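Engineer: Please find upload-v2.txt (compact mmCIF, C-alpha atoms) on the next line:
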```txt
# COMPACT_ATOMS: atom_id res chain seq x y z
CA MET A 1 -28.04 3.66 -17.95
CA GLU A 2 -26.04 2.82 -14.83
CA MET A 3 -23.03 1.91 -16.96
CA GLY A 4 -23.16 5.29 -18.70
CA ARG A 5 -23.33 7.10 -15.36
CA SER A 6 -20.36 5.08 -14.05
CA ASN A 7 -18.26 5.99 -17.10
CA LEU A 8 -19.22 9.62 -16.70
CA ASP A 9 -18.13 9.58 -13.05
CA SER A 10 -14.72 8.21 -13.94
CA GLU A 11 -14.14 10.88 -16.60
CA MET A 12 -15.10 13.86 -14.43
CA GLU A 13 -12.92 15.58 -11.87
CA PHE A 14 -15.43 15.87 -9.06
CA PRO A 15 -15.14 18.21 -6.03
CA GLN A 16 -13.18 16.99 -3.01
CA ASP A 17 -16.21 17.21 -0.70
CA PHE A 18 -18.02 14.64 -2.86
CA ARG A 19 -15.34 11.99 -2.26
CA CYS A 20 -15.62 9.34 0.45
CA PRO A 21 -12.65 9.91 2.82
CA ILE A 22 -12.06 6.13 2.93
CA SER A 23 -12.10 5.13 -0.76
CA MET A 24 -11.57 8.62 -2.27
CA GLU A 25 -14.32 7.77 -4.78
CA LEU A 26 -17.49 9.71 -5.61
CA MET A 27 -20.17 8.94 -3.02
CA LYS A 28 -23.46 7.40 -4.11
CA GLU A 29 -25.03 6.80 -0.67
CA PRO A 30 -23.46 9.45 1.62
CA VAL A 31 -24.13 9.02 5.36
CA ILE A 32 -23.07 11.10 8.37
CA ILE A 33 -21.57 9.54 11.51
CA SER A 34 -21.48 10.95 15.04
CA THR A 35 -18.29 12.98 14.42
CA GLY A 36 -20.05 14.94 11.67
CA VAL A 37 -17.97 13.43 8.83
CA THR A 38 -19.74 12.01 5.77
CA TYR A 39 -18.77 8.65 4.20
CA GLU A 40 -20.05 6.25 1.55
CA ARG A 41 -22.42 3.95 3.45
CA LYS A 42 -20.86 0.61 2.44
CA ASN A 43 -17.34 1.82 3.30
CA ILE A 44 -18.06 3.15 6.78
CA GLU A 45 -20.25 0.17 7.66
CA LYS A 46 -17.41 -2.16 6.62
CA TRP A 47 -15.01 -0.07 8.74
CA PHE A 48 -17.25 -0.33 11.83
CA PHE A 49 -18.83 -3.75 11.54
CA SER A 50 -16.41 -5.89 9.48
CA TYR A 51 -13.14 -4.50 10.83
CA LYS A 52 -14.53 -3.69 14.30
CA LYS A 53 -12.95 -0.20 14.26
CA LYS A 54 -14.02 2.23 16.98
CA THR A 55 -12.60 5.43 15.50
CA CYS A 56 -13.55 7.94 12.82
CA PRO A 57 -11.24 7.22 9.84
CA ALA A 58 -10.84 10.90 8.95
CA THR A 59 -10.37 12.42 12.43
CA MET A 60 -9.30 9.33 14.42
CA GLN A 61 -11.73 10.36 17.19
CA ASN A 62 -13.07 7.53 19.35
CA ILE A 63 -16.63 6.50 18.43
CA VAL A 64 -19.31 5.44 20.91
CA ASN A 65 -22.40 5.83 18.73
CA PHE A 66 -22.05 3.78 15.52
CA SER A 67 -25.35 4.81 13.91
CA VAL A 68 -25.31 6.49 10.49
CA THR A 69 -27.69 9.09 9.06
CA PRO A 70 -28.32 9.58 5.31
CA ASN A 71 -26.91 12.91 4.08
CA HIS A 72 -29.76 13.80 1.73
CA THR A 73 -28.49 17.33 1.14
CA LEU A 74 -25.07 16.17 -0.05
CA LYS A 75 -26.60 13.44 -2.20
CA ARG A 76 -28.82 16.06 -3.89
CA LEU A 77 -25.80 18.33 -4.47
CA ILE A 78 -23.82 15.46 -6.00
CA LEU A 79 -26.69 14.60 -8.38
CA GLU A 80 -27.14 18.26 -9.33
CA TRP A 81 -23.41 18.62 -9.92
CA GLN A 82 -23.33 15.48 -12.09
CA ASN A 83 -26.22 16.75 -14.20
CA GLY A 84 -24.63 20.19 -14.50
CA HIS A 85 -21.25 18.77 -15.52
CA SER A 86 -22.31 16.37 -18.23
CA PRO A 87 -20.28 16.63 -21.46
CA SER A 88 -23.02 18.68 -23.11
CA SER A 89 -22.98 21.38 -20.41
CA SER A 90 -19.35 21.40 -19.25
CA SER A 91 -17.98 23.46 -22.11
CA ALA A 92 -20.47 26.24 -21.49
CA SER A 93 -20.05 26.40 -17.70
CA SER A 94 -16.27 25.89 -17.25
CA PRO A 95 -14.26 28.98 -16.29
CA SER A 96 -11.57 30.00 -18.79
CA PRO A 97 -7.98 28.84 -18.19
CA SER A 98 -6.81 32.44 -17.84
CA PHE A 99 -9.34 33.04 -15.07
CA LYS A 100 -8.16 29.96 -13.20
CA ARG A 101 -4.52 30.99 -13.68
CA ASP A 102 -5.22 34.42 -12.20
CA GLU A 103 -6.96 32.76 -9.25
CA MET A 104 -3.95 30.48 -8.73
CA VAL A 105 -1.56 33.46 -8.77
CA SER A 106 -3.68 35.22 -6.14
CA LEU A 107 -3.85 32.15 -3.91
CA LEU A 108 -0.09 31.55 -4.06
CA LYS A 109 0.67 35.19 -3.23
CA THR A 110 -1.51 35.24 -0.14
CA LEU A 111 -1.03 31.66 1.06
CA GLY A 112 1.96 32.38 3.28
CA SER A 113 0.19 35.05 5.32
CA SER A 114 -3.36 33.68 5.08
CA PRO A 115 -5.02 32.33 8.24
CA PHE A 116 -7.13 30.14 5.94
CA LYS A 117 -4.35 28.02 4.49
CA VAL A 118 -6.36 24.79 4.40
CA LYS A 119 -9.19 26.39 2.42
CA SER A 120 -6.72 28.00 -0.01
CA LEU A 121 -4.88 24.71 -0.51
CA LYS A 122 -8.14 22.88 -1.22
CA LYS A 123 -8.87 25.47 -3.90
CA LEU A 124 -5.38 25.10 -5.38
CA LYS A 125 -5.87 21.35 -5.48
CA GLU A 126 -9.10 21.77 -7.45
CA ILE A 127 -7.28 24.02 -9.93
CA VAL A 128 -4.33 21.68 -10.57
CA GLU A 129 -6.80 18.82 -11.01
CA ILE A 130 -8.08 20.54 -14.16
CA GLY A 131 -5.18 19.26 -16.24
CA ASP A 132 -1.49 19.26 -17.16
CA GLU A 133 -1.57 22.89 -18.31
CA MET A 134 -2.60 24.05 -14.84
CA LYS A 135 -0.02 21.77 -13.19
CA LEU A 136 2.70 23.28 -15.36
CA ASP A 137 1.53 26.82 -14.56
CA PHE A 138 1.56 25.98 -10.85
CA ILE A 139 5.19 24.84 -11.03
CA ILE A 140 6.29 27.81 -13.17
CA LEU A 141 4.66 30.22 -10.69
CA GLY A 142 6.78 28.81 -7.83
CA GLY A 143 4.04 26.72 -6.28
CA LEU A 144 6.45 23.93 -5.32
CA ASP A 145 8.48 26.22 -3.06
CA VAL A 146 5.29 27.40 -1.35
CA LEU A 147 4.19 23.79 -0.76
CA SER A 148 7.64 22.84 0.53
CA GLU A 149 7.54 25.52 3.22
CA LEU A 150 4.14 24.34 4.44
CA ILE A 151 5.16 20.66 4.38
CA VAL A 152 8.33 21.07 6.46
CA GLN A 153 6.61 23.40 8.94
CA ILE A 154 5.36 20.40 10.94
CA LEU A 155 8.96 19.54 11.79
CA LEU A 156 9.06 22.78 13.79
CA ASP A 157 5.64 22.49 15.40
CA CYS A 158 3.77 19.25 14.72
CA SER A 159 1.52 19.80 17.76
CA ASP A 160 -0.24 22.75 16.09
CA PHE A 161 -3.41 21.32 14.54
CA MET A 162 -3.71 23.94 11.76
CA VAL A 163 -0.03 23.56 10.82
CA PHE A 164 -0.57 19.79 10.55
CA ARG A 165 -3.76 20.22 8.49
CA ALA A 166 -1.99 22.63 6.13
CA CYS A 167 0.78 20.06 5.64
CA GLU A 168 -1.80 17.36 4.87
CA GLU A 169 -3.53 19.55 2.27
CA ALA A 170 -0.18 20.58 0.76
CA LEU A 171 0.63 16.88 0.26
CA GLY A 172 -2.77 16.55 -1.43
CA VAL A 173 -1.71 19.15 -3.99
CA VAL A 174 1.64 17.38 -4.48
CA GLN A 175 -0.13 14.07 -5.00
CA HIS A 176 -2.21 15.58 -7.81
CA LEU A 177 0.88 17.08 -9.41
CA ILE A 178 2.43 13.62 -9.86
CA THR A 179 -0.62 11.60 -10.88
CA SER A 180 0.11 11.90 -14.61
CA GLU A 181 3.34 11.21 -16.49
CA HIS A 182 4.77 14.64 -17.23
CA GLN A 183 8.23 16.10 -17.77
CA GLN A 184 7.76 18.36 -14.73
CA ASP A 185 7.42 15.33 -12.45
CA SER A 186 11.18 15.31 -11.93
CA LYS A 187 10.99 18.71 -10.22
CA VAL A 188 8.29 17.48 -7.85
CA ILE A 189 10.22 14.29 -7.08
CA GLU A 190 13.42 16.25 -6.51
CA LEU A 191 11.65 18.48 -4.00
CA MET A 192 9.94 15.62 -2.15
CA SER A 193 13.24 13.71 -2.01
CA LYS A 194 14.79 16.30 0.28
CA PRO A 195 15.29 14.90 3.81
CA GLU A 196 13.06 17.51 5.48
CA CYS A 197 10.16 16.85 3.11
CA MET A 198 10.59 13.09 3.46
CA LYS A 199 10.49 13.31 7.25
CA SER A 200 7.27 15.32 7.05
CA ILE A 201 5.69 12.83 4.64
CA VAL A 202 6.49 9.93 6.99
CA ILE A 203 5.05 11.85 9.97
CA VAL A 204 1.79 12.33 8.05
CA LEU A 205 1.88 8.65 7.03
CA GLN A 206 2.04 7.74 10.73
CA ARG A 207 -0.32 10.31 12.25
CA GLY A 208 -2.38 11.85 9.48
CA SER A 209 -6.01 11.38 8.50
CA LYS A 210 -6.96 8.46 6.25
CA GLU A 211 -7.10 10.76 3.23
CA ALA A 212 -3.72 12.35 3.99
CA ARG A 213 -2.11 8.94 4.47
CA VAL A 214 -3.31 7.98 0.99
CA TYR A 215 -1.64 11.14 -0.34
CA ALA A 216 1.57 10.22 1.47
CA ILE A 217 1.64 6.64 0.20
CA SER A 218 1.03 7.83 -3.40
CA ILE A 219 3.99 10.21 -3.16
CA LEU A 220 6.22 7.51 -1.64
CA LYS A 221 5.27 5.16 -4.49
CA LYS A 222 6.37 7.79 -7.02
CA LEU A 223 9.65 8.21 -5.14
CA ALA A 224 10.14 4.43 -5.04
CA ASN A 225 9.77 4.24 -8.82
CA SER A 226 12.46 6.92 -9.22
CA ASN A 227 15.15 4.85 -7.44
CA PHE A 228 15.08 7.00 -4.31
CA ASP A 229 17.77 6.29 -1.68
CA TRP A 230 15.82 5.14 1.38
CA ARG A 231 18.74 4.78 3.81
CA VAL A 232 18.40 8.14 5.58
CA ILE A 233 14.68 7.88 6.21
CA VAL A 234 14.92 4.19 7.21
CA ASN A 235 17.61 5.02 9.77
CA ASP A 236 15.64 7.98 11.10
CA GLN A 237 12.03 6.72 11.16
CA GLY A 238 12.22 3.13 9.95
CA ILE A 239 10.10 1.20 12.46
CA GLY A 240 7.28 3.75 12.64
CA MET A 241 7.27 4.13 8.87
CA PHE A 242 7.09 0.37 8.30
CA LYS A 243 4.23 -0.01 10.78
CA SER A 244 2.21 2.64 8.92
CA ILE A 245 2.98 1.14 5.49
CA LEU A 246 1.97 -2.32 6.75
CA GLU A 247 -1.29 -0.92 8.12
CA LEU A 248 -2.15 0.56 4.72
CA ALA A 249 -1.08 -2.67 3.00
CA SER A 250 -3.63 -4.51 5.16
CA ASP A 251 -6.47 -2.15 4.18
CA GLU A 252 -9.05 -4.05 2.12
CA ILE A 253 -11.14 -0.97 1.36
CA ALA A 254 -8.51 1.37 -0.10
CA THR A 255 -7.20 -1.26 -2.51
CA LYS A 256 -5.16 1.20 -4.60
CA ALA A 257 -3.32 2.48 -1.51
CA SER A 258 -2.83 -1.12 -0.35
CA SER A 259 -1.23 -2.11 -3.67
CA SER A 260 1.04 0.95 -3.53
CA ALA A 261 2.09 0.04 0.01
CA PHE A 262 3.22 -3.45 -1.09
CA GLN A 263 5.19 -2.00 -4.01
CA ILE A 264 6.93 0.47 -1.70
CA LEU A 265 7.83 -2.30 0.75
CA ILE A 266 9.44 -4.35 -2.03
CA LYS A 267 11.46 -1.35 -3.24
CA ILE A 268 12.69 -0.42 0.24
CA LEU A 269 13.50 -3.97 1.38
CA ASP A 270 15.25 -4.76 -1.88
CA SER A 271 17.52 -1.75 -1.39
CA SER A 272 19.29 -2.84 1.82
CA LYS A 273 19.37 -5.61 4.43
CA LYS A 274 19.35 -3.03 7.22
CA SER A 275 15.88 -1.94 6.15
CA ARG A 276 14.71 -5.57 6.47
CA SER A 277 15.73 -5.68 10.14
CA LYS A 278 13.66 -2.56 10.79
CA ALA A 279 10.65 -4.05 8.98
CA ILE A 280 10.92 -7.28 10.98
CA GLU A 281 11.08 -5.27 14.19
CA ALA A 282 7.91 -3.47 13.07
CA GLY A 283 6.10 -6.84 12.85
CA ALA A 284 6.19 -7.26 9.08
CA MET A 285 6.54 -11.06 9.06
CA CYS A 286 3.52 -11.63 11.29
CA THR A 287 1.34 -9.20 9.30
CA LEU A 288 2.31 -10.66 5.92
CA ILE A 289 1.77 -14.30 6.92
CA GLU A 290 -1.69 -13.50 8.24
CA LEU A 291 -2.61 -11.58 5.06
CA LEU A 292 -1.43 -14.34 2.71
CA PRO A 293 -4.25 -16.95 3.00
CA ASP A 294 -7.07 -14.66 1.78
CA SER A 295 -5.14 -12.60 -0.77
CA ASN A 296 -5.69 -12.68 -4.54
CA ARG A 297 -3.02 -13.80 -6.99
CA SER A 298 -1.39 -10.41 -7.53
CA LYS A 299 -1.26 -9.60 -3.82
CA CYS A 300 0.01 -13.13 -3.01
CA GLU A 301 2.99 -12.67 -5.33
CA LYS A 302 3.87 -9.36 -3.68
CA ILE A 303 3.50 -10.77 -0.15
CA LEU A 304 5.57 -13.87 -0.97
CA ASN A 305 8.26 -11.67 -2.53
CA ILE A 306 8.46 -9.57 0.65
CA ILE A 307 8.57 -12.69 2.87
CA LYS A 308 11.41 -14.01 0.70
CA LEU A 309 13.35 -10.74 1.08
CA LEU A 310 12.88 -10.88 4.85
CA CYS A 311 13.95 -14.54 4.99
CA GLU A 312 17.23 -13.61 3.31
CA CYS A 313 18.37 -12.21 6.66
CA ALA A 314 18.73 -14.13 9.93
CA ASP A 315 16.13 -12.13 11.87
CA GLY A 316 13.59 -12.74 9.14
CA ARG A 317 14.10 -16.51 9.16
CA VAL A 318 13.71 -16.59 12.94
CA ALA A 319 10.50 -14.54 12.71
CA PHE A 320 9.22 -16.93 10.02
CA ILE A 321 9.76 -20.17 11.95
CA GLU A 322 8.39 -18.63 15.15
CA HIS A 323 5.03 -17.99 13.48
CA ARG A 324 2.92 -21.12 13.88
CA LEU A 325 1.14 -20.65 10.51
CA ALA A 326 4.13 -19.74 8.36
CA ILE A 327 5.17 -23.10 6.89
CA GLY A 328 1.55 -24.21 6.46
CA VAL A 329 0.55 -21.05 4.60
CA VAL A 330 3.57 -21.05 2.27
CA SER A 331 3.11 -24.80 1.62
CA LYS A 332 -0.53 -24.17 0.66
CA LYS A 333 0.48 -21.43 -1.79
CA LEU A 334 3.22 -23.51 -3.43
CA PHE A 335 0.97 -24.55 -6.35
CA ASP A 336 -1.98 -22.18 -5.78
CA VAL A 337 -0.70 -18.81 -7.05
CA SER A 338 1.36 -18.82 -10.26
CA GLU A 339 4.65 -20.05 -11.68
CA THR A 340 6.33 -16.98 -10.19
CA GLY A 341 4.64 -17.67 -6.86
CA SER A 342 5.89 -21.28 -6.90
CA LYS A 343 9.48 -20.16 -7.47
CA ILE A 344 9.27 -17.73 -4.56
CA CYS A 345 7.73 -20.37 -2.25
CA VAL A 346 10.54 -22.79 -3.08
CA LYS A 347 13.13 -20.09 -2.36
CA ILE A 348 11.51 -19.38 1.03
CA LEU A 349 11.40 -23.07 2.02
CA TRP A 350 14.96 -23.59 0.79
CA LEU A 351 16.21 -20.68 2.92
CA ILE A 352 14.44 -22.06 6.00
CA CYS A 353 15.70 -25.61 5.37
CA SER A 354 19.24 -24.40 4.76
CA PHE A 355 19.59 -22.31 7.90
CA HIS A 356 17.02 -23.73 10.35
CA PRO A 357 16.51 -27.44 9.59
CA THR A 358 15.06 -28.22 13.00
CA GLU A 359 12.96 -31.32 13.60
CA LYS A 360 9.88 -29.10 14.03
CA VAL A 361 10.45 -27.33 10.69
CA LEU A 362 10.99 -30.58 8.77
CA GLU A 363 7.96 -32.18 10.42
CA GLU A 364 5.69 -29.25 9.53
CA MET A 365 6.87 -29.36 5.91
CA MET A 366 5.80 -33.00 5.81
CA ILE A 367 2.49 -32.48 7.63
CA TYR A 368 1.40 -29.47 5.54
CA GLY A 369 2.16 -31.14 2.21
CA ALA A 370 5.22 -29.14 1.20
CA VAL A 371 7.37 -32.28 0.80
CA LYS A 372 4.84 -33.98 -1.44
CA LYS A 373 4.63 -30.90 -3.68
CA LEU A 374 8.41 -30.61 -3.81
CA VAL A 375 8.61 -34.19 -5.09
CA VAL A 376 6.32 -33.19 -7.97
CA LEU A 377 8.79 -30.44 -8.85
CA LEU A 378 11.60 -33.01 -8.91
CA HIS A 379 9.97 -34.55 -12.00
CA MET A 380 10.41 -31.41 -14.06
CA ASN A 381 12.40 -32.22 -17.18
CA GLU A 382 14.20 -28.92 -17.62
CA GLN A 383 16.99 -27.87 -15.28
CA SER A 384 16.37 -24.67 -13.36
CA SER A 385 17.46 -22.85 -10.22
CA MET A 386 14.13 -23.83 -8.64
CA LYS A 387 14.69 -27.56 -9.35
CA ASN A 388 18.26 -27.27 -8.04
CA LYS A 389 16.94 -25.86 -4.74
CA VAL A 390 14.44 -28.71 -4.49
CA LEU A 391 17.19 -31.27 -5.12
CA ASP A 392 19.35 -29.61 -2.51
CA MET A 393 16.57 -29.85 0.09
CA PHE A 394 16.06 -33.57 -0.56
CA LYS A 395 19.78 -34.31 -0.50
CA LYS A 396 20.05 -32.72 2.92
CA HIS A 397 16.75 -33.81 4.48
CA GLY A 398 15.37 -36.68 2.39
CA ASN A 399 16.40 -39.27 4.99
CA SER A 400 14.62 -37.36 7.76
CA TRP A 401 11.38 -37.08 5.76
CA SER A 402 11.48 -40.72 4.61
CA ARG A 403 11.19 -41.89 8.24
CA TYR A 404 7.65 -40.51 8.54
CA PRO A 405 4.86 -43.13 8.13
CA CYS A 406 2.98 -40.88 5.71
CA PHE A 407 5.96 -40.73 3.35
CA PRO A 408 5.01 -42.89 0.29
CA ASN A 409 7.19 -45.94 -0.43
CA GLU A 410 7.54 -45.04 -4.12
CA LEU A 411 9.06 -41.72 -3.06
CA LYS A 412 11.60 -43.55 -0.91
CA GLU A 413 12.64 -45.55 -3.96
CA TYR A 414 12.84 -42.39 -6.04
CA LEU A 415 15.07 -40.74 -3.46
CA CYS A 416 17.38 -43.75 -3.33
CA LEU A 417 17.77 -43.76 -7.11
CA HIS A 418 18.20 -40.04 -7.73
CA LEU A 419 19.67 -38.45 -4.63
CA HIS A 420 22.50 -40.75 -3.69
CA ASP A 421 24.31 -41.05 -7.01
```
Go through the file and emit its structure as structure tokens.
Structural biologist:
Amino acid sequence: MEMGRSNLDSEMEFPQDFRCPISMELMKEPVIISTGVTYERKNIEKWFFSYKKKTCPATMQNIVNFSVTPNHTLKRLILEWQNGHSPSSSSASSPSPSFKRDEMVSLLKTLGSSPFKVKSLKKLKEIVEIGDEMKLDFIILGGLDVLSELIVQILLDCSDFMVFRACEEALGVVQHLITSEHQQDSKVIELMSKPECMKSIVIVLQRGSKEARVYAISILKKLANSNFDWRVIVNDQGIGMFKSILELASDEIATKASSSAFQILIKILDSSKKSRSKAIEAGAMCTLIELLPDSNRSKCEKILNIIKLLCECADGRVAFIEHRLAIGVVSKKLFDVSETGSKICVKILWLICSFHPTEKVLEEMMIYGAVKKLVVLLHMNEQSSMKNKVLDMFKKHGNSWSRYPCFPNELKEYLCLHLHD
């Protein structure tokens, strides 16, 4: 029975007010906190008690009272809505597409002059969520231009709370317009790629509510997949943008947003070395190294890839060796992730050994087991770029490592035979 209900939840487009602002999923145990905002119990308790946060995720207000109160009314409404929107009843109760289209036309006409922009935008978001037909109608009716005006308005007056909220909700509509693969996506991407819109998106990413920041990161992911040129926005707002992306990447509750944040980082950092300097200045190396030990395989590969990109520039290598856990963590992951992960770890260690072969670095590679694992890789039969990097490290530093008491005698013999031909 529970499995059937779960599948039903995933198939239905449920109202925005039924979503937890942290996970954006349908709430099952809604609770109210002292700011008056309702969350899924397990998510807000993790926010307060596991992550030791003292703010409301949606409003960013400081919290003194951390007690939660069950929202029985909302839970009843969610259950009633689920029962009323089962497959057997949905066809009879759903408004006709023409009615929804007329409502969308009316909302777009009055949105510019309406004092209730946030409410109107929430309604528009519900309409475009219905399906691709409504998304197409929205674009044909000029909805993108209306959204663009609201999004860039914060560049003129970002201190006005209602202007900022309207921008957040407008990004929510945009995010729903690009959630499915559709030929009209290119128009949305083209609009969001404009410098003014990009600046607004990054401002919301830095200062918006938790929900709005998820919208922003989803849009940036779509832009990243379209080969967007990041240079202008990196030059303009690089450090602040990277700090916000790293914060979302570290979020263990909003896992989808976290995964998107890592993908965006890889795209941006792969595009130019200047962007890597900005990311390092934003504290990327420290954040990534501390995330690595407890990350799953997929996340580990992404983190290692980003560390490798950062280590390809001088500032990144310095940041790496200055972190006391860096060599130990990468050494531990050398055989613990995947074949791809092993290749990336070798590349990182090779970069560090090539440019910063200090006594401390070489000693830590020995102590944390990296040298012993690299010897295992020397025994690979096939020739590869990874094996060549390992050979290069031993040719340059084998004598230094062989002086340590913990270095096995048989390895000394191996080095003499194979590295001094």
Engineer: Pick from A:Glu247, A:Glu196, A:Glu190, A:Glu169: nearest to Ser226 in chain A, with only C-alpha atoms counted?
Structural biologist: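 Among the listed residues, the smallest separation from Ser226 in chain A belongs to A:Glu190.
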Engineer: Up to 12 Å from (-3.5, 8.0, -2.6) in the file's coordinates: name the residues, counting only C-alpha atoms, as a compact mmCIF listing (two decimals) with C-alpha atoms, in the frame of the given file.
Structural biologist:
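Final file, out04.txt:
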```txt
# COMPACT_ATOMS: atom_id res chain seq x y z
CA PRO A 21 -12.65 9.91 2.82
CA ILE A 22 -12.06 6.13 2.93
CA SER A 23 -12.10 5.13 -0.76
CA MET A 24 -11.57 8.62 -2.27
CA GLU A 25 -14.32 7.77 -4.78
CA LEU A 171 0.63 16.88 0.26
CA GLY A 172 -2.77 16.55 -1.43
CA VAL A 173 -1.71 19.15 -3.99
CA VAL A 174 1.64 17.38 -4.48
CA GLN A 175 -0.13 14.07 -5.00
CA HIS A 176 -2.21 15.58 -7.81
CA ILE A 178 2.43 13.62 -9.86
CA THR A 179 -0.62 11.60 -10.88
CA LEU A 205 1.88 8.65 7.03
CA SER A 209 -6.01 11.38 8.50
CA LYS A 210 -6.96 8.46 6.25
CA GLU A 211 -7.10 10.76 3.23
CA ALA A 212 -3.72 12.35 3.99
CA ARG A 213 -2.11 8.94 4.47
CA VAL A 214 -3.31 7.98 0.99
CA TYR A 215 -1.64 11.14 -0.34
CA ALA A 216 1.57 10.22 1.47
CA ILE A 217 1.64 6.64 0.20
CA SER A 218 1.03 7.83 -3.40
CA ILE A 219 3.99 10.21 -3.16
CA LEU A 220 6.22 7.51 -1.64
CA LYS A 221 5.27 5.16 -4.49
CA LYS A 222 6.37 7.79 -7.02
CA LEU A 248 -2.15 0.56 4.72
CA ALA A 254 -8.51 1.37 -0.10
CA THR A 255 -7.20 -1.26 -2.51
CA LYS A 256 -5.16 1.20 -4.60
CA ALA A 257 -3.32 2.48 -1.51
CA SER A 258 -2.83 -1.12 -0.35
CA SER A 259 -1.23 -2.11 -3.67
CA SER A 260 1.04 0.95 -3.53
CA ALA A 261 2.09 0.04 0.01
```
Engineer: Separation of CA of Met192 in chain A and CA of Ser148 in chain A, in Å?
Structural biologist: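 Computing it gives 8.0 Å between the two atoms.
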Engineer: List as an MDAnalysis selection string: which residues have an atom within 9 Å of (6.5, -30.5, -3.4), counting all atoms listed in the file?
Structural biologist: chainID A and resid 331 334:335 346 369:378 390
Engineer: I'd like the contact shell of Leu223 in chain A - 10 Å cut-off, all atoms listed in the file, skipping same-chain residues fewer than 5 positions apart - returned as a ChimeraX atom specification.
Structural biologist: /A:186,188-190,192-193,198,217-218,228-230,264,267
Engineer: Can you tell me, as a count of residues only, what residues are no more than 12 Å from Glu363 in chain A when counting all atoms listed in the file, ignoring any on the same chain fewer than 4 positions away?
Structural biologist: 21
Engineer: Could you tell me how far CA of Asp102 in chain A lies from CA of Asp132 in chain A, in Å and to one decimal?
Structural biologist: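 CA of Asp132 in chain A lies at a distance of 16.4 Å from CA of Asp102 in chain A.
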Engineer: What's the 10 Å shell around Lys46 in chain A, counting all atoms listed in the file, without same-chain residues fewer than 5 positions away, as a PyMOL selection string?
Structural biologist: chain A and resi 41+51-53+252-253
Engineer: Work out how far apart CA of Ile32 in chain A and CA of Val68 in chain A are and give it in Å to one decimal.
Structural biologist: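 Separation of CA of Ile32 in chain A and CA of Val68 in chain A: 5.5 Å.
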Engineer: Within 9 Å of Ile321 in chain A, counting only C-alpha atoms, which residues show up once you throw out same-chain ones fewer than 4 positions away? Write them as a PDB file with C-alpha atoms, keeping the file's coordinate frame, please.
Structural biologist:
```pdb
ATOM      1  CA  GLY A 316      13.590 -12.740   9.140  1.00  0.00           C
ATOM      2  CA  ARG A 317      14.100 -16.510   9.160  1.00  0.00           C
ATOM      3  CA  LEU A 325       1.140 -20.650  10.510  1.00  0.00           C
ATOM      4  CA  ALA A 326       4.130 -19.740   8.360  1.00  0.00           C
ATOM      5  CA  ILE A 327       5.170 -23.100   6.890  1.00  0.00           C
ATOM      6  CA  ILE A 352      14.440 -22.060   6.000  1.00  0.00           C
ATOM      7  CA  HIS A 356      17.020 -23.730  10.350  1.00  0.00           C
ATOM      8  CA  VAL A 361      10.450 -27.330  10.690  1.00  0.00           C
TER       9      VAL A 361
END
```
